[in-house]
$ cat work_2.tsv   # TSV, C-alpha atoms
chain	number	residue	atom	x	y	z
J	1	MET	CA	64.98	11.43	-18.33
J	2	LYS	CA	64.51	12.30	-14.63
J	3	LYS	CA	61.37	14.29	-15.51
J	4	ARG	CA	59.89	11.32	-17.43
J	5	VAL	CA	60.51	8.96	-14.51
J	6	ALA	CA	58.90	11.42	-12.07
J	7	SER	CA	55.79	11.86	-14.23
J	8	SER	CA	55.58	8.12	-14.71
J	9	HIS	CA	55.64	7.68	-10.92
J	10	LEU	CA	52.94	10.30	-10.60
J	11	PHE	CA	50.81	8.49	-13.17
J	12	LEU	CA	51.25	5.14	-11.41
J	13	THR	CA	50.34	6.70	-8.05
J	14	GLU	CA	47.26	8.27	-9.57
J	15	LEU	CA	46.30	4.97	-11.20
J	16	LEU	CA	46.69	3.16	-7.90
J	17	LEU	CA	44.57	5.74	-6.09
J	18	SER	CA	41.96	5.57	-8.85
J	19	ILE	CA	41.77	1.78	-8.55
J	20	LEU	CA	41.39	2.06	-4.76
J	21	LEU	CA	38.66	4.68	-5.18
J	22	LEU	CA	36.91	2.48	-7.74
J	23	ILE	CA	37.01	-0.48	-5.34
J	24	VAL	CA	35.47	1.67	-2.58
J	25	ILE	CA	32.75	2.98	-4.92
J	26	ILE	CA	31.95	-0.53	-6.16
J	27	ALA	CA	31.77	-1.85	-2.57
J	28	VAL	CA	29.36	0.93	-1.55
J	29	CYS	CA	27.25	0.50	-4.67
J	30	LEU	CA	27.07	-3.27	-4.21
J	31	GLN	CA	25.68	-2.75	-0.72
J	32	ILE	CA	23.09	-0.31	-2.06
J	33	PHE	CA	22.15	-2.74	-4.85
J	34	ALA	CA	21.84	-5.58	-2.30
J	35	SER	CA	19.57	-3.44	-0.10
J	36	ALA	CA	17.41	-2.56	-3.14
J	37	ASP	CA	17.23	-6.27	-3.99
J	38	ARG	CA	16.12	-7.13	-0.44
J	39	THR	CA	13.41	-4.43	-0.55
J	40	SER	CA	12.29	-5.72	-3.93
J	41	GLU	CA	12.12	-9.27	-2.57
J	42	LYS	CA	10.09	-8.03	0.43
J	43	SER	CA	7.56	-6.30	-1.80
J	44	GLN	CA	7.33	-9.39	-4.02
J	45	GLU	CA	6.68	-11.54	-0.92
J	46	LEU	CA	4.01	-9.14	0.30
J	47	VAL	CA	2.21	-9.08	-3.06
J	48	GLN	CA	2.26	-12.88	-3.28
J	49	ALA	CA	1.17	-13.26	0.37
J	50	VAL	CA	-1.78	-10.91	-0.21
J	51	ARG	CA	-2.74	-12.93	-3.29
J	52	LEU	CA	-2.52	-16.25	-1.41
J	53	ALA	CA	-4.50	-14.93	1.57
J	54	SER	CA	-7.21	-13.54	-0.75
J	55	ASP	CA	-7.40	-16.91	-2.54
J	56	GLY	CA	-7.65	-18.58	0.88
J	57	ALA	CA	-10.47	-16.21	1.86
J	58	GLU	CA	-12.40	-16.93	-1.32
J	59	VAL	CA	-12.19	-20.71	-0.89
J	60	PHE	CA	-13.18	-20.27	2.78
J	61	TYR	CA	-16.36	-18.47	1.60
J	62	GLN	CA	-17.12	-21.52	-0.57
J	63	GLY	CA	-16.99	-23.81	2.47
J	64	GLU	CA	-14.50	-26.16	4.09
J	65	ASP	CA	-16.10	-29.17	2.41
J	66	SER	CA	-15.89	-27.70	-1.12
J	67	ALA	CA	-13.56	-29.17	-3.76
J	68	SER	CA	-11.67	-25.89	-4.23
J	69	PHE	CA	-11.00	-25.66	-0.48
J	70	ALA	CA	-9.57	-29.19	-0.51
J	71	GLU	CA	-7.39	-28.23	-3.49
J	72	VAL	CA	-5.77	-25.41	-1.52
J	73	PHE	CA	-5.72	-26.57	2.10
J	74	THR	CA	-4.76	-29.75	3.92
J	75	LYS	CA	-6.55	-30.47	7.16
J	76	ILE	CA	-4.21	-30.77	10.14
J	77	GLU	CA	-6.81	-30.91	12.91
J	78	ASP	CA	-10.35	-29.65	13.50
J	79	GLY	CA	-10.41	-25.99	12.51
J	80	LEU	CA	-6.77	-25.86	11.41
J	81	TYR	CA	-5.69	-26.07	7.79
J	82	LEU	CA	-2.29	-25.58	6.17
J	83	SER	CA	-0.98	-25.05	2.70
J	84	ASN	CA	2.72	-25.20	1.73
J	85	TYR	CA	4.45	-23.20	-0.99
J	86	ASN	CA	7.97	-23.24	-2.39
J	87	ALA	CA	10.21	-20.21	-2.96
J	88	ASP	CA	8.34	-19.39	-6.20
J	89	PHE	CA	4.97	-19.46	-4.39
J	90	ILE	CA	3.94	-22.66	-6.12
J	91	LYS	CA	1.96	-25.15	-4.06
J	92	THR	CA	4.21	-27.96	-2.99
J	93	ALA	CA	4.51	-30.95	-0.70
J	94	SER	CA	5.90	-30.32	2.79
J	95	GLY	CA	9.53	-31.21	1.82
J	96	ASP	CA	10.27	-28.10	-0.25
J	97	THR	CA	8.40	-25.57	1.88
J	98	THR	CA	9.45	-21.91	2.07
J	99	TYR	CA	6.10	-20.24	2.74
J	100	ILE	CA	3.19	-21.57	4.79
J	101	MET	CA	-0.40	-20.41	4.62
J	102	ARG	CA	-2.33	-21.24	7.77
J	103	LEU	CA	-6.10	-21.03	8.14
J	104	GLU	CA	-7.68	-21.26	11.58
J	105	VAL	CA	-11.46	-21.43	11.81
J	106	GLN	CA	-13.47	-20.57	14.89
J	107	GLU	CA	-17.12	-19.82	15.54
J	108	LYS	CA	-18.16	-16.41	16.83
J	109	GLU	CA	-21.73	-15.21	17.47
J	110	GLY	CA	-23.43	-16.94	14.55
J	111	LEU	CA	-20.45	-16.35	12.28
J	112	LYS	CA	-17.50	-18.45	11.22
J	113	GLN	CA	-14.24	-16.57	11.50
J	114	ALA	CA	-11.07	-17.58	9.69
J	115	VAL	CA	-7.67	-16.17	10.52
J	116	ILE	CA	-5.52	-16.63	7.43
J	117	SER	CA	-1.81	-15.98	7.78
J	118	VAL	CA	1.06	-16.33	5.33
J	119	SER	CA	4.48	-16.72	6.92
J	120	LYS	CA	8.07	-17.53	6.06
J	121	ALA	CA	10.08	-19.40	8.72
J	122	ASP	CA	7.83	-18.16	11.56
J	123	ALA	CA	8.01	-14.55	10.34
J	124	MET	CA	4.53	-13.34	9.49
J	125	ILE	CA	4.23	-11.64	6.10
J	126	TYR	CA	0.50	-10.98	5.93
J	127	GLU	CA	-2.59	-11.78	7.99
J	128	LEU	CA	-6.24	-11.57	7.01
J	129	ILE	CA	-9.37	-12.08	9.11
J	130	VAL	CA	-12.45	-13.24	7.23
J	131	GLU	CA	-15.95	-13.91	8.51
J	132	LYS	CA	-18.94	-15.64	6.96
J	133	LEU	CA	-22.41	-16.69	8.06
J	134	CYS	CA	-22.74	-20.08	9.75
J	135	GLN	CA	-25.04	-22.25	7.63
S	1	MET	CA	61.86	19.82	-33.47
S	2	ARG	CA	62.35	16.07	-33.65
S	3	LYS	CA	63.40	16.05	-30.00
S	4	ARG	CA	60.29	17.96	-28.95
S	5	ASN	CA	58.04	15.49	-30.85
S	6	LYS	CA	59.75	12.59	-29.15
S	7	GLU	CA	59.14	14.23	-25.77
S	8	LYS	CA	55.45	14.74	-26.63
S	9	GLN	CA	55.09	11.04	-27.48
S	10	HIS	CA	56.27	10.02	-24.03
S	11	THR	CA	54.11	12.51	-22.11
S	12	VAL	CA	51.91	10.62	-19.59
S	13	ASN	CA	48.26	11.72	-19.37
S	14	ILE	CA	47.98	12.63	-15.71
S	15	GLY	CA	44.34	13.02	-14.60
S	16	LEU	CA	42.80	10.80	-17.26
S	17	SER	CA	42.39	7.77	-14.98
S	18	SER	CA	40.86	9.99	-12.28
S	19	MET	CA	38.37	11.34	-14.79
S	20	ILE	CA	37.41	7.82	-15.89
S	21	VAL	CA	37.00	6.67	-12.28
S	22	ILE	CA	34.87	9.71	-11.44
S	23	LEU	CA	32.63	9.05	-14.45
S	24	ILE	CA	32.29	5.32	-13.62
S	25	GLY	CA	31.61	6.21	-9.96
S	26	LEU	CA	28.92	8.70	-10.92
S	27	PHE	CA	27.32	6.15	-13.23
S	28	PHE	CA	27.24	3.51	-10.47
S	29	MET	CA	25.89	6.01	-7.93
S	30	VAL	CA	23.06	7.10	-10.23
S	31	MET	CA	22.17	3.49	-11.02
S	32	ALA	CA	22.20	2.57	-7.32
S	33	ALA	CA	20.01	5.57	-6.42
S	34	LEU	CA	17.53	4.64	-9.15
S	35	ALA	CA	17.46	0.99	-8.00
S	36	VAL	CA	16.80	1.97	-4.36
S	37	SER	CA	14.15	4.52	-5.31
S	38	HIS	CA	12.38	2.02	-7.59
S	39	ALA	CA	12.47	-0.72	-4.94
S	40	GLN	CA	11.13	1.64	-2.25
S	41	ASN	CA	8.29	2.84	-4.47
S	42	ASP	CA	7.45	-0.78	-5.31
S	43	TYR	CA	7.35	-1.67	-1.63
S	44	GLN	CA	5.14	1.33	-0.79
S	45	LEU	CA	2.73	0.29	-3.54
S	46	SER	CA	2.65	-3.32	-2.25
S	47	ARG	CA	1.94	-2.06	1.28
S	48	ARG	CA	-0.87	0.16	0.02
S	49	MET	CA	-2.35	-2.78	-1.87
S	50	ALA	CA	-2.13	-4.99	1.25
S	51	GLU	CA	-3.80	-2.26	3.34
S	52	HIS	CA	-6.59	-1.88	0.80
S	53	ASN	CA	-7.13	-5.65	0.78
S	54	THR	CA	-7.29	-5.74	4.60
S	55	LYS	CA	-9.78	-2.85	4.63
S	56	TYR	CA	-11.96	-4.56	2.02
S	57	TYR	CA	-12.15	-7.78	4.04
S	58	ALA	CA	-12.74	-5.79	7.26
S	59	ALA	CA	-15.72	-4.10	5.56
S	60	SER	CA	-16.93	-7.53	4.35
S	61	ASN	CA	-16.68	-8.83	7.92
S	62	GLN	CA	-18.72	-5.87	9.17
S	63	ALA	CA	-21.31	-6.60	6.49
S	64	MET	CA	-21.47	-10.25	7.57
S	65	GLU	CA	-21.94	-9.20	11.22
S	66	LYS	CA	-24.73	-6.82	10.17
S	67	ILE	CA	-26.44	-9.54	8.14
S	68	ALA	CA	-26.13	-12.03	11.01
S	69	ALA	CA	-27.76	-9.55	13.40
S	70	ALA	CA	-30.51	-8.47	10.94
S	71	GLU	CA	-34.09	-9.73	10.86
S	72	PRO	CA	-35.17	-11.89	7.88
S	73	GLY	CA	-36.27	-9.86	4.83
S	74	GLU	CA	-34.66	-7.51	2.37
S	75	ILE	CA	-31.44	-5.94	3.59
S	76	SER	CA	-29.64	-2.98	2.04
S	77	PHE	CA	-26.76	-1.02	3.51
S	78	ALA	CA	-23.37	0.48	2.73
S	79	ILE	CA	-20.17	0.19	4.74
S	80	PRO	CA	-17.25	2.59	4.27
S	81	VAL	CA	-14.11	0.81	3.09
S	82	GLU	CA	-11.70	3.70	2.82
S	83	GLN	CA	-11.83	7.33	1.78
S	84	GLY	CA	-14.31	7.71	-1.07
S	85	GLN	CA	-15.20	4.02	-1.27
S	86	VAL	CA	-18.12	2.08	0.20
S	87	LEU	CA	-19.13	-1.55	0.10
S	88	GLN	CA	-22.72	-1.72	-1.01
S	89	VAL	CA	-24.71	-4.79	0.01
S	90	VAL	CA	-28.23	-5.65	-1.10
S	91	GLY	CA	-29.89	-9.01	-0.57
S	92	ASN	CA	-32.54	-11.12	1.10
S	93	LYS	CA	-32.16	-12.89	4.39
S	94	ALA	CA	-34.26	-16.03	4.64
S	95	THR	CA	-35.87	-17.31	7.84
S	96	ASP	CA	-33.31	-20.15	8.02
S	97	GLY	CA	-30.54	-17.54	8.28
S	98	SER	CA	-29.21	-17.91	4.75
S	99	PHE	CA	-28.52	-14.79	2.70
S	100	GLN	CA	-29.17	-14.37	-1.00
S	101	THR	CA	-26.85	-11.69	-2.33
S	102	GLN	CA	-28.08	-9.36	-5.05
S	103	VAL	CA	-25.40	-6.66	-4.85
S	104	TRP	CA	-22.01	-6.93	-3.13
S	105	LYS	CA	-19.68	-4.40	-4.64
S	106	ILE	CA	-17.36	-1.49	-4.01
S	107	ILE	CA	-18.70	1.88	-5.14
S	108	ASN	CA	-16.45	4.89	-5.67
S	109	GLN	CA	-18.09	8.03	-4.31
S	110	ASP	CA	-15.35	10.54	-5.02
S	111	VAL	CA	-13.97	11.42	-8.42
S	112	MET	CA	-10.67	9.60	-8.64
S	113	GLU	CA	-7.68	11.87	-9.03
S	114	ILE	CA	-4.98	10.24	-11.08
S	115	GLU	CA	-1.55	10.80	-9.63
S	116	GLU	CA	0.62	12.05	-12.42
S	117	THR	CA	3.79	12.69	-10.48
S	118	ILE	CA	6.60	10.20	-10.31
S	119	PRO	CA	8.26	10.60	-6.93
S	120	PHE	CA	11.98	10.01	-7.22
S	121	PHE	CA	12.99	10.70	-3.65
S	122	THR	CA	10.78	11.38	-0.65
S	123	PRO	CA	12.75	12.34	2.45
S	124	LYS	CA	11.59	10.76	5.71
S	125	GLU	CA	10.16	13.26	8.19

$ encode --input "work_2.tsv" --output "structure tokens"
Amino acid sequence: MKKRVASSHLFLTELLLSILLLIVIIAVCLQIFASADRTSEKSQELVQAVRLASDGAEVFYQGEDSASFAEVFTKIEDGLYLSNYNADFIKTASGDTTYIMRLEVQEKEGLKQAVISVSKADAMIYELIVEKLCQ
Amino acid sequence: MRKRNKEKQHTVNIGLSSMIVILIGLFFMVMAALAVSHAQNDYQLSRRMAEHNTKYYAASNQAMEKIAAAEPGEISFAIPVEQGQVLQVVGNKATDGSFQTQVWKIINQDVMEIEETIPFFTPKE
């Protein structure tokens, strides 16, 4: 009887230690999974920012007075255009903005230069400089 | 005999829970390592794509500067984009400064080597 009680205590102690170890392992793994998720989100943001900036560059080549440029950008002031996107990178009105694409145009030695930047809450994700002939 | 059987029935399996926890822990660790490795590789690929895009537009900008500085007439030149790739430009520049593009494309000069390895873990130097 004494032996059974002792082995039962041993089993319970082992079970308790196992549960504690499992909790520690799960906590560590959750942190690793969260870090992988953040990295994944960063790469997704970068891919989408590159796509948006390339789209911005292509509409800039077509001209600031073209219909496709007006579809993408809203004029803020002379030479400054903005475009707002929500968390899913879908073009949106300014209320639901997560990402902002900014296009700044300036003239430089017979060329028009556009600095296109995609940012999230003032943190730059990607920047592209594009030039075209002044016509 | 009966007594021994009764004793066997009540024997507690010491070590079984530890084994299960070790197996579950190993499973979680492997899954976490795979998730991190996959996310890192994805991020590296995105960065390489962003770099390539930046280089392409930098080459385009150089081409535009060259065209702006060129005399009217037929223009043909190539600008290196990155290793083994050039941006080939052919066109006509009119006297009013406009440019009629005939060719504006990336040409691969080297034979592309397909990477067949799948890096699982690359230690940082």

$ closest_residue --input "work_2.tsv" --among "J:Ser7, J:Leu22, J:Leu17, J:Glu45" --to "Arg47 in chain S" --atoms "all atoms listed in the file"
J:Glu45

$ closest_atom_pairs --input "work_2.tsv" --of "chain J" --to "chain S" --cutoff "7 Å" --atoms "only C-alpha atoms" --output "JSON lines"
{"residue": "J:Ser7", "atom": "CA", "partner": "S:Val12", "partner_atom": "CA", "distance": 6.7}
{"residue": "J:Ser8", "atom": "CA", "partner": "S:Val12", "partner_atom": "CA", "distance": 6.6}
{"residue": "J:Phe11", "atom": "CA", "partner": "S:Ile14", "partner_atom": "CA", "distance": 5.6}
{"residue": "J:Leu15", "atom": "CA", "partner": "S:Ser17", "partner_atom": "CA", "distance": 6.1}
{"residue": "J:Ser18", "atom": "CA", "partner": "S:Ser18", "partner_atom": "CA", "distance": 5.7}
{"residue": "J:Leu22", "atom": "CA", "partner": "S:Val21", "partner_atom": "CA", "distance": 6.2}
{"residue": "J:Ile25", "atom": "CA", "partner": "S:Gly25", "partner_atom": "CA", "distance": 6.1}
{"residue": "J:Cys29", "atom": "CA", "partner": "S:Ala32", "partner_atom": "CA", "distance": 6.1}
{"residue": "J:Ile32", "atom": "CA", "partner": "S:Ala32", "partner_atom": "CA", "distance": 6.1}
{"residue": "J:Phe33", "atom": "CA", "partner": "S:Ala32", "partner_atom": "CA", "distance": 5.9}
{"residue": "J:Ala36", "atom": "CA", "partner": "S:Val36", "partner_atom": "CA", "distance": 4.7}
{"residue": "J:Thr39", "atom": "CA", "partner": "S:Ala39", "partner_atom": "CA", "distance": 5.8}
{"residue": "J:Ser40", "atom": "CA", "partner": "S:Ala39", "partner_atom": "CA", "distance": 5.1}
{"residue": "J:Ser43", "atom": "CA", "partner": "S:Tyr43", "partner_atom": "CA", "distance": 4.6}
{"residue": "J:Leu46", "atom": "CA", "partner": "S:Ser46", "partner_atom": "CA", "distance": 6.5}
{"residue": "J:Val47", "atom": "CA", "partner": "S:Ser46", "partner_atom": "CA", "distance": 5.8}
{"residue": "J:Val50", "atom": "CA", "partner": "S:Ala50", "partner_atom": "CA", "distance": 6.1}
{"residue": "J:Gly110", "atom": "CA", "partner": "S:Ala68", "partner_atom": "CA", "distance": 6.6}
{"residue": "J:Leu128", "atom": "CA", "partner": "S:Thr54", "partner_atom": "CA", "distance": 6.4}
{"residue": "J:Val130", "atom": "CA", "partner": "S:Asn61", "partner_atom": "CA", "distance": 6.1}
{"residue": "J:Glu131", "atom": "CA", "partner": "S:Asn61", "partner_atom": "CA", "distance": 5.2}
{"residue": "J:Lys132", "atom": "CA", "partner": "S:Met64", "partner_atom": "CA", "distance": 6.0}
{"residue": "J:Leu133", "atom": "CA", "partner": "S:Met64", "partner_atom": "CA", "distance": 6.5}
{"residue": "J:Gln135", "atom": "CA", "partner": "S:Ser98", "partner_atom": "CA", "distance": 6.7}

$ closest_residue --input "work_2.tsv" --among "J:Ile23, J:Leu82, J:Ile76, J:Ile116" --to "Ile129 in chain J" --atoms "all atoms listed in the file"
J:Ile116

$ residues_around --input "work_2.tsv" --residues "Glu71 in chain J" --least-positions-apart "4" --cutoff "10 Å" --atoms "all atoms listed in the file" --output "ChimeraX atom specification"
/J:59,66-67,83,91

$ write_last_selection --input "work_2.tsv" --atoms "C-alpha atoms" --output "short mmCIF file (atom, residue, chain, number, x, y, z; two decimals), in the frame of the given file"
data_model
loop_
_atom_site.label_atom_id
_atom_site.label_comp_id
_atom_site.auth_asym_id
_atom_site.auth_seq_id
_atom_site.Cartn_x
_atom_site.Cartn_y
_atom_site.Cartn_z
CA VAL J 59 -12.19 -20.71 -0.89
CA SER J 66 -15.89 -27.70 -1.12
CA ALA J 67 -13.56 -29.17 -3.76
CA SER J 83 -0.98 -25.05 2.70
CA LYS J 91 1.96 -25.15 -4.06
#

$ closest_residue --input "work_2.tsv" --among "J:Ala49, J:Gly56, J:Ser68, J:Ala114" --to "Phe89 in chain J" --atoms "only C-alpha atoms"
J:Ala49

$ closest_residue --input "work_2.tsv" --among "J:Gln48, J:Val24, J:Ala93, J:Tyr61" --to "Lys120 in chain J" --atoms "only C-alpha atoms"
J:Gln48

$ atom_distance --input "work_2.tsv" --atom1 "CA of Val81 in chain S" --atom2 "CA of Glu58 in chain J"
18.4 Å

$ atom_distance --input "work_2.tsv" --atom1 "CA of Asp78 in chain J" --atom2 "CA of Tyr56 in chain S"
27.6 Å

$ atom_distance --input "work_2.tsv" --atom1 "CA of Val89 in chain S" --atom2 "CA of Arg102 in chain J"
28.8 Å

$ closest_residue --input "work_2.tsv" --among "J:Ala57, J:Leu103, J:Gln62, J:Met124" --to "Lys75 in chain J" --atoms "all atoms listed in the file"
J:Leu103
